[in-house]
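Dumped upload37.txt below, it's compact mmCIF, C-alpha atoms (C1' of nucleotides):
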```
# COMPACT_ATOMS: atom_id res chain seq x y z
CA MET A 1 58.30 12.67 -120.16
CA THR A 2 55.26 12.32 -122.37
CA CYS A 3 53.33 15.15 -123.86
CA GLN A 4 50.35 16.16 -121.77
CA PRO A 5 47.06 17.09 -123.36
CA ARG A 6 47.07 20.78 -124.14
CA GLN A 7 43.98 21.62 -122.16
CA ASN A 8 45.65 20.37 -119.02
CA ASP A 9 48.55 22.76 -119.40
CA GLU A 10 46.26 25.68 -118.76
CA HIS A 11 45.04 24.13 -115.57
CA LYS A 12 48.52 23.27 -114.37
CA LYS A 13 49.50 26.88 -114.87
CA GLU A 14 46.54 27.99 -112.81
CA MET A 15 47.38 25.54 -110.08
CA ARG A 16 50.92 26.81 -109.96
CA ALA A 17 49.70 30.39 -109.80
CA VAL A 18 47.32 29.62 -106.94
CA GLN A 19 50.13 27.78 -105.24
CA ASP A 20 52.39 30.79 -105.59
CA SER A 21 49.81 32.93 -103.87
CA MET A 22 49.28 30.48 -101.07
CA ASP A 23 53.01 30.14 -100.52
CA VAL A 24 53.24 33.86 -99.97
CA LEU A 25 50.21 33.96 -97.69
CA ASN A 26 51.08 30.76 -95.90
CA GLY A 27 51.02 30.39 -92.17
CA LYS A 28 48.02 31.21 -90.11
CA TRP A 29 49.26 34.71 -89.28
CA LYS A 30 50.20 36.49 -92.49
CA ILE A 31 46.74 37.51 -93.61
CA SER A 32 45.92 38.79 -90.15
CA ILE A 33 49.13 40.79 -90.06
CA ILE A 34 48.42 42.32 -93.43
CA SER A 35 44.88 43.03 -92.37
CA SER A 36 46.13 44.80 -89.28
CA ILE A 37 48.61 46.97 -91.13
CA CYS A 38 46.12 47.72 -93.87
CA TYR A 39 43.44 48.78 -91.43
CA TYR A 40 45.65 51.23 -89.61
CA ASN A 41 47.70 52.24 -92.64
CA LYS A 42 50.85 52.36 -90.53
CA ARG A 43 51.44 50.13 -87.58
CA ARG A 44 54.23 49.46 -85.13
CA PHE A 45 55.63 46.08 -84.19
CA SER A 46 54.12 45.93 -80.74
CA ASP A 47 50.78 47.19 -82.01
CA ILE A 48 50.57 44.35 -84.50
CA LEU A 49 51.60 42.03 -81.71
CA ASN A 50 48.48 43.13 -79.86
CA ASP A 51 46.21 43.08 -82.90
CA VAL A 52 47.01 39.53 -83.88
CA VAL A 53 45.76 37.55 -80.92
CA GLY A 54 47.98 34.66 -79.95
CA ILE A 55 51.03 35.39 -82.06
CA SER A 56 54.45 35.37 -80.42
CA ASN A 57 57.09 37.96 -81.12
CA LYS A 58 59.29 35.37 -82.77
CA MET A 59 56.56 34.43 -85.20
CA LEU A 60 55.65 38.04 -85.88
CA SER A 61 59.25 38.86 -86.55
CA LYS A 62 59.60 35.95 -88.93
CA GLU A 63 56.37 36.61 -90.77
CA LEU A 64 57.11 40.31 -91.18
CA LYS A 65 60.49 39.46 -92.61
CA GLU A 66 58.95 37.14 -95.17
CA LEU A 67 56.31 39.69 -96.12
CA GLU A 68 59.04 42.26 -96.59
CA ILE A 69 61.03 39.90 -98.81
CA ASN A 70 57.93 39.42 -100.93
CA GLN A 71 57.64 43.19 -101.18
CA LEU A 72 54.23 43.30 -99.60
CA ILE A 73 55.19 45.57 -96.72
CA LYS A 74 57.71 48.31 -96.12
CA ARG A 75 59.68 48.54 -92.90
CA THR A 76 60.75 51.91 -91.54
CA VAL A 77 62.86 52.51 -88.47
CA LEU A 78 61.86 55.72 -86.73
CA ASP A 79 64.48 57.68 -84.88
CA THR A 80 62.56 57.92 -81.64
CA GLN A 81 63.57 57.15 -78.10
CA PRO A 82 63.49 54.22 -77.81
CA ILE A 83 63.36 53.35 -81.47
CA THR A 84 60.09 52.29 -83.02
CA VAL A 85 59.55 50.46 -86.25
CA GLN A 86 56.72 51.20 -88.58
CA TYR A 87 55.22 48.84 -91.09
CA GLU A 88 53.03 49.77 -94.01
CA LEU A 89 51.77 48.06 -97.13
CA THR A 90 53.52 48.63 -100.41
CA ASP A 91 51.50 49.30 -103.54
CA HIS A 92 51.93 45.66 -104.33
CA GLY A 93 50.72 44.69 -100.88
CA LEU A 94 47.65 46.84 -101.37
CA THR A 95 46.63 44.72 -104.33
CA LEU A 96 45.81 42.01 -101.81
CA LYS A 97 43.02 44.11 -100.42
CA THR A 98 40.42 42.72 -102.79
CA ILE A 99 41.34 39.18 -101.89
CA ILE A 100 41.24 39.92 -98.20
CA GLN A 101 37.84 41.51 -98.60
CA HIS A 102 36.58 38.41 -100.38
CA LEU A 103 38.08 36.16 -97.75
CA THR A 104 36.39 38.22 -95.05
CA ASP A 105 33.01 37.97 -96.69
CA TRP A 106 33.43 34.30 -97.41
CA GLY A 107 34.53 33.60 -93.85
CA ILE A 108 31.34 35.16 -92.52
CA ALA A 109 29.18 33.28 -95.00
CA HIS A 110 30.98 30.03 -94.23
CA HIS A 111 30.56 30.47 -90.51
CA GLU A 112 26.83 30.96 -90.92
CA LYS A 113 26.66 27.99 -93.25
CA ILE A 114 28.39 25.66 -90.81
CA PHE A 115 27.26 26.90 -87.44
CA GLY A 116 24.00 28.54 -88.45
CA LYS A 117 23.21 32.13 -87.69
CA MET B 1 41.75 52.15 -102.09
CA THR B 2 42.32 53.51 -98.61
CA CYS B 3 42.14 51.52 -95.42
CA GLN B 4 40.57 54.00 -93.11
CA PRO B 5 40.16 53.31 -89.43
CA ARG B 6 36.61 52.98 -88.24
CA GLN B 7 36.04 51.10 -85.04
CA ASN B 8 38.24 48.48 -83.54
CA ASP B 9 35.42 46.01 -83.02
CA GLU B 10 34.69 46.14 -86.70
CA HIS B 11 38.26 45.26 -87.48
CA LYS B 12 38.42 42.43 -84.97
CA LYS B 13 35.33 40.91 -86.55
CA GLU B 14 36.95 41.13 -89.96
CA MET B 15 40.13 39.52 -88.68
CA ARG B 16 38.15 36.67 -87.19
CA ALA B 17 36.28 36.20 -90.45
CA VAL B 18 39.47 36.11 -92.49
CA GLN B 19 40.90 33.68 -89.98
CA ASP B 20 37.87 31.44 -90.37
CA SER B 21 38.47 31.32 -94.09
CA MET B 22 42.14 30.58 -93.75
CA ASP B 23 41.48 27.84 -91.22
CA VAL B 24 39.27 26.09 -93.73
CA LEU B 25 41.74 26.54 -96.57
CA ASN B 26 44.90 25.85 -94.58
CA GLY B 27 47.53 23.40 -95.60
CA LYS B 28 49.34 23.69 -98.85
CA TRP B 29 47.07 21.22 -100.61
CA LYS B 30 43.44 22.22 -100.09
CA ILE B 31 43.25 24.99 -102.66
CA SER B 32 44.94 22.81 -105.25
CA ILE B 33 42.55 19.98 -104.52
CA ILE B 34 39.55 22.26 -104.85
CA SER B 35 41.01 23.71 -108.02
CA SER B 36 41.41 20.25 -109.48
CA ILE B 37 37.87 19.17 -108.67
CA CYS B 38 36.47 22.47 -109.83
CA TYR B 39 38.29 22.31 -113.15
CA TYR B 40 37.04 18.84 -114.01
CA ASN B 41 33.69 19.21 -112.29
CA LYS B 42 33.88 15.62 -111.05
CA ARG B 43 37.09 13.92 -110.17
CA ARG B 44 38.14 10.57 -108.75
CA PHE B 45 40.54 10.03 -105.88
CA SER B 46 43.43 8.76 -107.96
CA ASP B 47 42.92 11.50 -110.53
CA ILE B 48 43.27 14.17 -107.89
CA LEU B 49 46.29 12.30 -106.61
CA ASN B 50 47.86 12.82 -110.02
CA ASP B 51 46.71 16.41 -110.42
CA VAL B 52 48.15 17.61 -107.15
CA VAL B 53 51.85 17.05 -107.64
CA GLY B 54 53.63 15.78 -104.57
CA ILE B 55 50.70 14.92 -102.34
CA SER B 56 50.58 11.50 -100.71
CA ASN B 57 47.46 9.39 -100.56
CA LYS B 58 47.34 9.77 -96.82
CA MET B 59 47.36 13.54 -97.06
CA LEU B 60 44.81 13.58 -99.85
CA SER B 61 42.54 11.35 -97.85
CA LYS B 62 42.82 13.60 -94.83
CA GLU B 63 42.33 16.83 -96.71
CA LEU B 64 39.33 15.50 -98.59
CA LYS B 65 37.77 14.44 -95.32
CA GLU B 66 38.21 17.92 -93.88
CA LEU B 67 36.81 19.56 -96.99
CA GLU B 68 33.82 17.27 -96.79
CA ILE B 69 33.27 18.14 -93.13
CA ASN B 70 33.28 21.79 -94.09
CA GLN B 71 30.69 21.00 -96.73
CA LEU B 72 32.83 22.20 -99.58
CA ILE B 73 32.85 18.93 -101.48
CA LYS B 74 30.55 15.97 -101.90
CA ARG B 75 31.78 12.41 -101.89
CA THR B 76 30.04 9.75 -103.95
CA VAL B 77 30.91 6.08 -104.05
CA LEU B 78 30.26 4.62 -107.47
CA ASP B 79 29.21 1.02 -107.78
CA THR B 80 31.86 0.09 -110.28
CA GLN B 81 34.30 -2.80 -110.37
CA PRO B 82 36.46 -2.05 -108.51
CA ILE B 83 34.74 0.75 -106.71
CA THR B 84 35.61 4.32 -107.56
CA VAL B 85 34.88 7.44 -105.56
CA GLN B 86 33.88 10.68 -107.13
CA TYR B 87 34.33 14.10 -105.63
CA GLU B 88 32.57 17.26 -106.68
CA LEU B 89 32.12 20.71 -105.25
CA THR B 90 28.98 21.54 -103.35
CA ASP B 91 27.15 24.80 -104.02
CA HIS B 92 28.94 26.15 -101.02
CA GLY B 93 32.27 24.97 -102.36
CA LEU B 94 31.53 26.66 -105.65
CA THR B 95 31.34 30.01 -103.89
CA LEU B 96 35.10 29.72 -103.51
CA LYS B 97 35.54 29.98 -107.24
CA THR B 98 35.78 33.76 -107.21
CA ILE B 99 38.44 33.68 -104.54
CA ILE B 100 40.43 31.03 -106.37
CA GLN B 101 40.25 33.08 -109.55
CA HIS B 102 41.55 36.11 -107.70
CA LEU B 103 44.30 34.07 -106.10
CA THR B 104 45.27 32.74 -109.51
CA ASP B 105 45.47 36.20 -111.03
CA TRP B 106 47.31 37.59 -108.05
CA GLY B 107 49.76 34.71 -108.07
CA ILE B 108 50.67 35.45 -111.67
CA ALA B 109 51.02 39.17 -111.00
CA HIS B 110 53.10 38.49 -107.92
CA HIS B 111 55.39 36.14 -109.77
CA GLU B 112 56.05 38.76 -112.41
CA LYS B 113 56.57 41.37 -109.75
CA ILE B 114 59.16 39.33 -107.89
CA PHE B 115 60.92 37.43 -110.63
CA GLY B 116 60.21 39.72 -113.56
CA LYS B 117 58.52 38.47 -116.68
C1' DC C 1 60.98 48.96 -78.21
C1' DG C 2 62.03 45.62 -81.71
C1' DG C 3 63.71 41.46 -82.47
C1' DG C 4 67.47 37.71 -82.18
C1' DA C 5 69.00 33.13 -79.92
C1' DT C 6 68.01 28.92 -77.65
C1' DC C 7 65.58 25.11 -75.99
C1' DC C 8 62.16 21.90 -76.68
C1' DC C 9 57.65 19.68 -77.54
C1' DC C 10 54.28 17.63 -80.34
C1' DA C 11 51.57 18.03 -84.49
C1' DT C 12 52.14 17.46 -89.28
C1' DT C 13 53.66 14.81 -92.88
C1' DG C 14 56.20 11.24 -95.58
C1' DA C 15 57.16 6.31 -96.56
C1' DT C 16 55.74 1.99 -96.59
C1' DA C 17 52.77 -1.73 -96.12
C1' DC C 18 48.27 -3.56 -95.80
C1' DT C 19 42.97 -4.21 -96.59
C1' DG C 20 38.06 -4.42 -98.42
C1' DC D 1 40.69 1.60 -106.55
C1' DA D 2 40.28 4.05 -102.37
C1' DG D 3 41.61 4.34 -98.61
C1' DT D 4 43.86 2.79 -93.36
C1' DA D 5 47.60 1.65 -90.16
C1' DT D 6 51.95 2.23 -88.27
C1' DC D 7 56.48 4.13 -87.60
C1' DA D 8 59.71 7.67 -87.89
C1' DA D 9 61.50 12.21 -88.85
C1' DT D 10 61.20 17.14 -89.18
C1' DG D 11 60.16 21.47 -88.27
C1' DG D 12 56.60 24.84 -86.83
C1' DG D 13 56.02 27.47 -83.26
C1' DG D 14 55.65 28.55 -78.03
C1' DA D 15 58.28 30.04 -73.83
C1' DT D 16 61.97 32.34 -72.16
C1' DC D 17 65.96 35.07 -71.96
C1' DC D 18 68.92 38.44 -73.95
C1' DC D 19 70.71 42.54 -76.39
C1' DG D 20 71.24 47.18 -79.01
```

Take the structure in this file and express it as structure tokens.
Amino acid sequence: MTCQPRQNDEHKKEMRAVQDSMDVLNGKWKISIISSICYYNKRRFSDILNDVVGISNKMLSKELKELEINQLIKRTVLDTQPITVQYELTDHGLTLKTIIQHLTDWGIAHHEKIFGK
Amino acid sequence: MTCQPRQNDEHKKEMRAVQDSMDVLNGKWKISIISSICYYNKRRFSDILNDVVGISNKMLSKELKELEINQLIKRTVLDTQPITVQYELTDHGLTLKTIIQHLTDWGIAHHEKIFGK
DNA sequence: CGGGATCCCCATTGATACTG
DNA sequence: CAGTATCAATGGGGATCCCG
């Protein structure tokens, strides 16, 4: 183990931080799921299943679980008949809103850039 | 800070846009690769290979090709002995800088949130 | 309704070796 | 140095069924 140049340390830290974010948001569904919940404030399992086109219930279940572990969403079981489950963003999850907004804007710009308008 | 419902079409467009972004940035390596190139301005293949811990040359080659197709990076073959190849961000690629900065900051905040400081 | 369990396919990725 | 080629393994994720 040799000593790395000091200026590189900063960059390595940044790379690790970005990596941490991407690990949390990994998978092609998570951002869409968050976007869905955020848009409607509170959203039920089957509603999200409809919002996120193409996702299977197994995937949704798995992704929601991971998001909950990372404290981005809160899961609430409602005592209805039959039971429904409500998902909403935590305060921490809401801090992703800026990023999602940027990603939305960039996605539009990128699409125009690649495919023309 | 609220996510108020407007019209569903609006939301579907946003979801598609976010999805477009994530498709371009998918894989666990792309953001790190971009971050590396961005940090050093210009970067050679083997340098990136060292920056991005754990990536194989096959993966790096593939990811770089995809980034180039999406016009995020520019590839330049230098007439050295032996040849070296330089990668740099395009203007379009540079527009990702804001997002990467946000992801970096959020990653740090998230890490503190989950694991404490 | 919300989600767990199982089966199974094929795309992604790693390791290794090779080339211009 | 900057990739390509090939083989092999793994696991992501879809389809389906099931259960409280």

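What separates atom CA of Asp23 of chain B from atom CA of Gly107 of chain A is a distance of 9.4 Å.
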
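All C-alpha atoms of chain A, paired in order with those of chain B and superposed by least squares, deviate by 4.7 Å RMSD.
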
* To do: One decimal, Å: what's the distance from atom CA of Ile114 of chain B over to atom CA of Ser35 of chain B, could you say?
  =>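 Atom CA of Ser35 of chain B lies 23.9 Å from atom CA of Ile114 of chain B.
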
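For segment 1-17 of chain C, the residues within 6 Å (counting only C-alpha atoms (C1' of nucleotides), excluding itself and residues fewer than 3 positions away along the chain) are A:Pro82, A:Ile83, A:Thr84.
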
* **Point-to-point distance from atom CA of Trp106 of chain B to atom CA of Ile55 of chain A, Å rounded to tenths** =>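 Separation of atom CA of Trp106 of chain B and atom CA of Ile55 of chain A: 26.3 Å.
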
Check every residue of chain A for an atom within 10 Å of chain B, counting only C-alpha atoms, and provide those that qualify as a CSV table (one decimal) with C-alpha atoms, keeping the file's coordinate frame.
```
chain,number,residue,atom,x,y,z
A,8,ASN,CA,45.6,20.4,-119.0
A,11,HIS,CA,45.0,24.1,-115.6
A,12,LYS,CA,48.5,23.3,-114.4
A,13,LYS,CA,49.5,26.9,-114.9
A,14,GLU,CA,46.5,28.0,-112.8
A,15,MET,CA,47.4,25.5,-110.1
A,16,ARG,CA,50.9,26.8,-110.0
A,17,ALA,CA,49.7,30.4,-109.8
A,18,VAL,CA,47.3,29.6,-106.9
A,19,GLN,CA,50.1,27.8,-105.2
A,20,ASP,CA,52.4,30.8,-105.6
A,21,SER,CA,49.8,32.9,-103.9
A,22,MET,CA,49.3,30.5,-101.1
A,23,ASP,CA,53.0,30.1,-100.5
A,24,VAL,CA,53.2,33.9,-100.0
A,25,LEU,CA,50.2,34.0,-97.7
A,26,ASN,CA,51.1,30.8,-95.9
A,27,GLY,CA,51.0,30.4,-92.2
A,28,LYS,CA,48.0,31.2,-90.1
A,29,TRP,CA,49.3,34.7,-89.3
A,31,ILE,CA,46.7,37.5,-93.6
A,32,SER,CA,45.9,38.8,-90.2
A,33,ILE,CA,49.1,40.8,-90.1
A,34,ILE,CA,48.4,42.3,-93.4
A,35,SER,CA,44.9,43.0,-92.4
A,36,SER,CA,46.1,44.8,-89.3
A,37,ILE,CA,48.6,47.0,-91.1
A,38,CYS,CA,46.1,47.7,-93.9
A,39,TYR,CA,43.4,48.8,-91.4
A,40,TYR,CA,45.6,51.2,-89.6
A,41,ASN,CA,47.7,52.2,-92.6
A,51,ASP,CA,46.2,43.1,-82.9
A,52,VAL,CA,47.0,39.5,-83.9
A,53,VAL,CA,45.8,37.6,-80.9
A,69,ILE,CA,61.0,39.9,-98.8
A,70,ASN,CA,57.9,39.4,-100.9
A,71,GLN,CA,57.6,43.2,-101.2
A,72,LEU,CA,54.2,43.3,-99.6
A,92,HIS,CA,51.9,45.7,-104.3
A,93,GLY,CA,50.7,44.7,-100.9
A,94,LEU,CA,47.6,46.8,-101.4
A,95,THR,CA,46.6,44.7,-104.3
A,96,LEU,CA,45.8,42.0,-101.8
A,97,LYS,CA,43.0,44.1,-100.4
A,98,THR,CA,40.4,42.7,-102.8
A,99,ILE,CA,41.3,39.2,-101.9
A,100,ILE,CA,41.2,39.9,-98.2
A,101,GLN,CA,37.8,41.5,-98.6
A,102,HIS,CA,36.6,38.4,-100.4
A,103,LEU,CA,38.1,36.2,-97.8
A,104,THR,CA,36.4,38.2,-95.0
A,105,ASP,CA,33.0,38.0,-96.7
A,106,TRP,CA,33.4,34.3,-97.4
A,107,GLY,CA,34.5,33.6,-93.8
A,108,ILE,CA,31.3,35.2,-92.5
A,109,ALA,CA,29.2,33.3,-95.0
A,110,HIS,CA,31.0,30.0,-94.2
A,111,HIS,CA,30.6,30.5,-90.5
A,113,LYS,CA,26.7,28.0,-93.2
A,114,ILE,CA,28.4,25.7,-90.8
```

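All of the residues in chain A within 10 Å of chain C are Arg44, Phe45, Ser46, Asn57, Lys58, Leu60, Ser61, Lys62, Val77, Thr80, Gln81, Pro82, Ile83, Thr84 and Val85 of chain A, where only C-alpha atoms (C1' of nucleotides) were counted.
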
* Counting all atoms listed in the file, which residues from chain D have an atom at most 10 Å from any atom of chain B, and could you show them as a count of residues only? -> 4

* **Point (51.7, 32.3, -73.8), cut-off 10 Å, counting all atoms listed in the file, residues as a list of chain:residue names** =>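 Final list of nearby residues, as requested, is A:Gly54, A:Ile55, A:Ser56, D:DG14, D:DA15.
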